Number of protein chains: 2
Amino acid sequence: MTGWLVVAGLGPGDAGLITPEVTLALAQATDVIGYFPYVARVMPRDGLTLHASDNRVELDRAALALDLVRAGGRVVVVSSGDPGVFAMASAVFEALEARPADHALDIRILPGITAMLAAAARAGAPLGHDFCAINLSDNLKPWELVEARVRAAAKADFAMAFYNPRSASRPHQFVRTLEVLLEECGAARLITFARAVTTPDEHIHTVTLGEATPEMADMRTVVIVGNSATRRVGRFVYTPRRAE
Amino acid sequence: MTGWLVVAGLGPGDAGLITPEVTLALAQATDVIGYFPYVARVMPRDGLTLHASDNRVELDRAALALDLVRAGGRVVVVSSGDPGVFAMASAVFEALEARPADHALDIRILPGITAMLAAAARAGAPLGHDFCAINLSDNLKPWELVEARVRAAAKADFAMAFYNPRSASRPHQFVRTLEVLLEECGAARLITFARAVTTPDEHIHTVTLGEATPEMADMRTVVIVGNSATRRVGRFVYTPRRAE
């Protein structure tokens with residue numbers, strides 16, 4: 001049996017956002033590997049082993065996946081959203097880098113609907129012009145770099161999407177992010193907090209930076225900040241295609 | 001009959017990348033509106049009117065969509081990729097802004113797999129760390145703004161995805177973009193040209209900025225530039241999750 005590895009994005013939560021090619025890969029898999037809330041989204045069946053693990057063991061998961069493929073497994077590593085956006089794909093390549101003998105394995109990355117695009121769609125079209133995606137977690141990079149990127153993006157008038165804005169163990173970073181944004185963008189700039197998009201817990205609201213407080217975000221929230229032209233139309237928020 | 005408007009993303013080309021919720025909306029629609037190559041991807045059937053139009057008439061399309069919804073139509077405006085990324089969603093809200101009486105209409109944006117995520121997946125994981133998406137077309141913004149954003153993104157060490165890099169009518173902009181990138185990022189930086197991703201015409205190749213030439217891109221190409229840590233592993237390109 002020839003094994004293969006697929007790194008697949010399950011989208012933000014709603015089954016209606018899982019692509020048919022990901023559904024097909026899951027139907028053919030012998031093993032599914034991932035963070036436990038994502039693995040819980042895969043329907044158990046005979047012949048399929050589910051390997052759920054805790055957060056922050058990405059490299060262990062990637063190594064297990066490669067081991068199973070070498071043994072002939074048809075393995076799907078699952079991420080929420082898109083596997084290439086702050087998710088498992090980079091971890092798999094990091095593990096692969098250390099294992100030259102595995103470079104010829106059959107490996108495919110299957111894209112998914114990443115949280116910022118689902119959140120933007122629910123809010124309207126706040127990412128309708130040039131934009132940046134920034135992971136606010138400083139687990140894997142120094143906070144100074146994060147802050148410098150936020151400032152550079154604001155100065156260049158990008159719209160911005162922030163992943164992992166805030167967790168119990170690092171509440172201060174998002175406080176500081178809001179300060180930097182207020183400094184660079186002013187109090188009238190629109191900011192959208194999109195929590196648990198497309199799930200039963202979904203909550204989306206847009207305020208100005210002057211009204212925003214750190215408590216509006218948690219780890220299930222993606223935060224979108226408009227550019228200088230972003231505005232409301234009816235119940236929506238959008239960024240015009242045109243810029244001066 | 002109560003009309004509704006859906007602005008839907010068809011993904012980059014492969015039917016396996018169209019989300020089930022978009023497929024459902026198309027099955028319920030009375031009218032589909034869009035640029036002709038995208039409308040051509042929708043299966044004709046009884047009871048469905050296809051309204052295909054040429055490029056650069058986004059606001060006319062949006063106005064037609066709103067008119068049809070007011071008359072009770074179930075209307076899907078189609079974009080390739082994601083409708084909120086350099087596509088029809090912003091144009092629809094721009095049209096809506098001028099028509100306050102239509103603000104209460106039933107309008108939903110359905111996300112799709114945008115080209116950069118499909119391209120990144122095929123190449124490996126070049127957008128695995130903070131990144132920007134920039135539309136290189138200067139049809140709707142001054143070129144100076146585009147160039148300033150490219151430079152700011154490079155200086156802040158973002159990975160970058162460029163949409164609409166080059167067309168017959170504006171070949172010079174991408175020449176200049178490559179010059180700016182070479183200046184800011186150096187000749188060894190990796191750049192991926194992904195043409196017609198997930199279609200039969202797909203062609204993806206990665207070179208260094210020193211090797212890149214403007215002719216490697218056209219209007220069907222999305223271009224991805226790595227950050228300073230982006231590297232090859234086997235046949236793939238990836239950007240590590242970690243940064244110094």
# chains A, B, ... in the order shown; residues from 1 in each chain; ligands from 1
>>> residues_around(residues="region 129-135 of chain B", least_positions_apart="5", cutoff="8 Å", atoms="only C-alpha atoms", output="ChimeraX atom specification")
/A:85-86,129-135 /B:86,146,149-150,153,158-165,239-242
>>> interface_residues(of="chain B", to="chain A", cutoff="7 Å", atoms="only C-alpha atoms", output="number ranges by chain")
B: 16-21, 84-86, 89-90, 93-94, 97, 103, 109-113, 117-118, 121-122, 124-125, 127-135, 140-142, 149, 152, 156, 233-234, 238-244
>>> write_last_selection(atoms="C-alpha atoms", output="tab-separated table (two decimals), in the first residue's frame")
chain	number	residue	atom	x	y	z
B	16	GLY	CA	-13.55	20.46	-5.80
B	17	LEU	CA	-12.84	23.84	-4.23
B	18	ILE	CA	-16.38	25.25	-4.42
B	19	THR	CA	-17.94	25.20	-0.95
B	20	PRO	CA	-21.23	23.34	-0.43
B	21	GLU	CA	-22.97	26.56	0.69
B	84	GLY	CA	-14.20	39.88	-0.58
B	85	VAL	CA	-10.63	39.81	-1.94
B	86	PHE	CA	-10.23	42.18	-4.91
B	89	ALA	CA	-18.32	42.21	-2.70
B	90	SER	CA	-16.91	45.74	-2.37
B	93	PHE	CA	-21.59	47.59	-1.19
B	94	GLU	CA	-20.50	50.61	-3.22
B	97	GLU	CA	-24.32	52.89	-0.55
B	103	HIS	CA	-30.20	48.63	2.72
B	109	ILE	CA	-21.52	37.22	1.23
B	110	LEU	CA	-20.31	33.62	0.88
B	111	PRO	CA	-16.53	33.21	1.14
B	112	GLY	CA	-14.42	31.18	-1.28
B	113	ILE	CA	-10.88	29.86	-1.65
B	117	LEU	CA	-4.36	30.33	-0.59
B	118	ALA	CA	-4.74	27.80	-3.42
B	121	ALA	CA	-1.08	25.21	-0.91
B	122	ARG	CA	0.27	23.99	-4.25
B	124	GLY	CA	3.88	24.32	0.06
B	125	ALA	CA	3.30	26.93	2.79
B	127	LEU	CA	2.28	32.22	3.64
B	128	GLY	CA	2.87	30.30	6.88
B	129	HIS	CA	3.81	33.45	8.79
B	130	ASP	CA	2.50	37.07	8.75
B	131	PHE	CA	1.69	38.16	5.20
B	132	CYS	CA	0.11	40.86	3.02
B	133	ALA	CA	-2.14	40.72	-0.04
B	134	ILE	CA	-1.63	43.56	-2.51
B	135	ASN	CA	-3.47	44.23	-5.77
B	140	LEU	CA	-8.31	52.17	-8.98
B	141	LYS	CA	-5.39	53.65	-7.03
B	142	PRO	CA	-2.26	55.65	-7.79
B	149	ARG	CA	2.87	49.44	0.19
B	152	ALA	CA	6.55	48.88	3.54
B	156	ALA	CA	8.52	44.81	7.77
B	233	VAL	CA	12.29	21.70	1.48
B	234	GLY	CA	12.32	19.05	-1.22
B	238	TYR	CA	7.63	27.11	3.13
B	239	THR	CA	7.84	29.91	5.63
B	240	PRO	CA	8.60	28.77	9.19
B	241	ARG	CA	6.20	29.61	11.99
B	242	ARG	CA	9.08	30.88	14.11
B	243	ALA	CA	10.79	34.28	13.64
B	244	GLU	CA	13.67	36.03	15.40
>>> select_by_dssp(residues="region 152-200 of chain A", states="helix (DSSP H, G or I)", output="JSON, numbers by chain")
{"A": [152, 153, 154, 155, 172, 173, 174, 175, 176, 177, 178, 179, 180, 181, 182, 183, 184, 185]}
>>> write_last_selection(atoms="C-alpha atoms", output="short mmCIF file (atom, residue, chain, number, x, y, z; two decimals), in the first residue's frame")
data_model
loop_
_atom_site.label_atom_id
_atom_site.label_comp_id
_atom_site.auth_asym_id
_atom_site.auth_seq_id
_atom_site.Cartn_x
_atom_site.Cartn_y
_atom_site.Cartn_z
CA ALA A 152 4.11 49.33 9.55
CA ALA A 153 0.81 47.94 8.26
CA ALA A 154 -1.15 50.81 9.82
CA LYS A 155 1.24 53.45 8.45
CA HIS A 172 -1.16 42.42 27.60
CA GLN A 173 -0.30 42.10 23.91
CA PHE A 174 -3.75 43.00 22.64
CA VAL A 175 -3.91 45.98 25.03
CA ARG A 176 -0.70 47.22 23.43
CA THR A 177 -1.98 46.46 19.91
CA LEU A 178 -5.03 48.65 20.48
CA GLU A 179 -2.77 51.46 21.76
CA VAL A 180 -0.58 51.28 18.64
CA LEU A 181 -3.63 51.22 16.36
CA LEU A 182 -5.23 54.18 18.12
CA GLU A 183 -1.97 56.11 17.74
CA GLU A 184 -1.58 55.30 14.04
CA CYS A 185 -5.18 55.15 12.82
#
>>> residues_around(residues="Asp201 (chain A)", least_positions_apart="6", cutoff="12 Å", atoms="only C-alpha atoms", output="ChimeraX atom specification")
/A:12-14,194-195,220-221
>>> write_last_selection(atoms="C-alpha atoms", output="PDB file, in the first residue's frame")
ATOM      1  CA  PRO A  12     -13.958  28.014  10.315  1.00  0.00           C
ATOM      2  CA  GLY A  13     -16.656  25.665  11.627  1.00  0.00           C
ATOM      3  CA  ASP A  14     -19.742  25.296   9.415  1.00  0.00           C
ATOM      4  CA  ALA A 194     -15.621  38.229  14.911  1.00  0.00           C
ATOM      5  CA  ARG A 195     -15.890  35.415  17.445  1.00  0.00           C
ATOM      6  CA  ARG A 220     -11.702  32.335  19.314  1.00  0.00           C
ATOM      7  CA  THR A 221     -11.861  35.846  17.863  1.00  0.00           C
TER       8      THR A 221
END
>>> select_by_dssp(residues="region 171-210 of chain A", states="strand (DSSP E)", output="MDAnalysis selection string")
chainID A and resid 190:195 203:208
>>> write_last_selection(atoms="C-alpha atoms", output="compact mmCIF listing (two decimals), in the first residue's frame")
# COMPACT_ATOMS: atom_id res chain seq x y z
CA LEU A 190 -13.59 50.79 12.36
CA ILE A 191 -12.64 47.50 14.04
CA THR A 192 -14.63 44.28 13.79
CA PHE A 193 -14.52 41.53 16.41
CA ALA A 194 -15.62 38.23 14.91
CA ARG A 195 -15.89 35.41 17.45
CA HIS A 203 -20.82 36.85 17.60
CA ILE A 204 -19.73 39.66 15.32
CA HIS A 205 -19.71 43.33 16.11
CA THR A 206 -18.06 46.43 14.74
CA VAL A 207 -17.08 49.46 16.80
CA THR A 208 -14.61 52.32 16.42
>>> residues_around(residues="region 58-73 of chain B", least_positions_apart="5", cutoff="6 Å", atoms="only C-alpha atoms", output="list in words")
Met1, Thr2, Gly3, Trp4, Thr30, Ala91 and Val92 of chain B
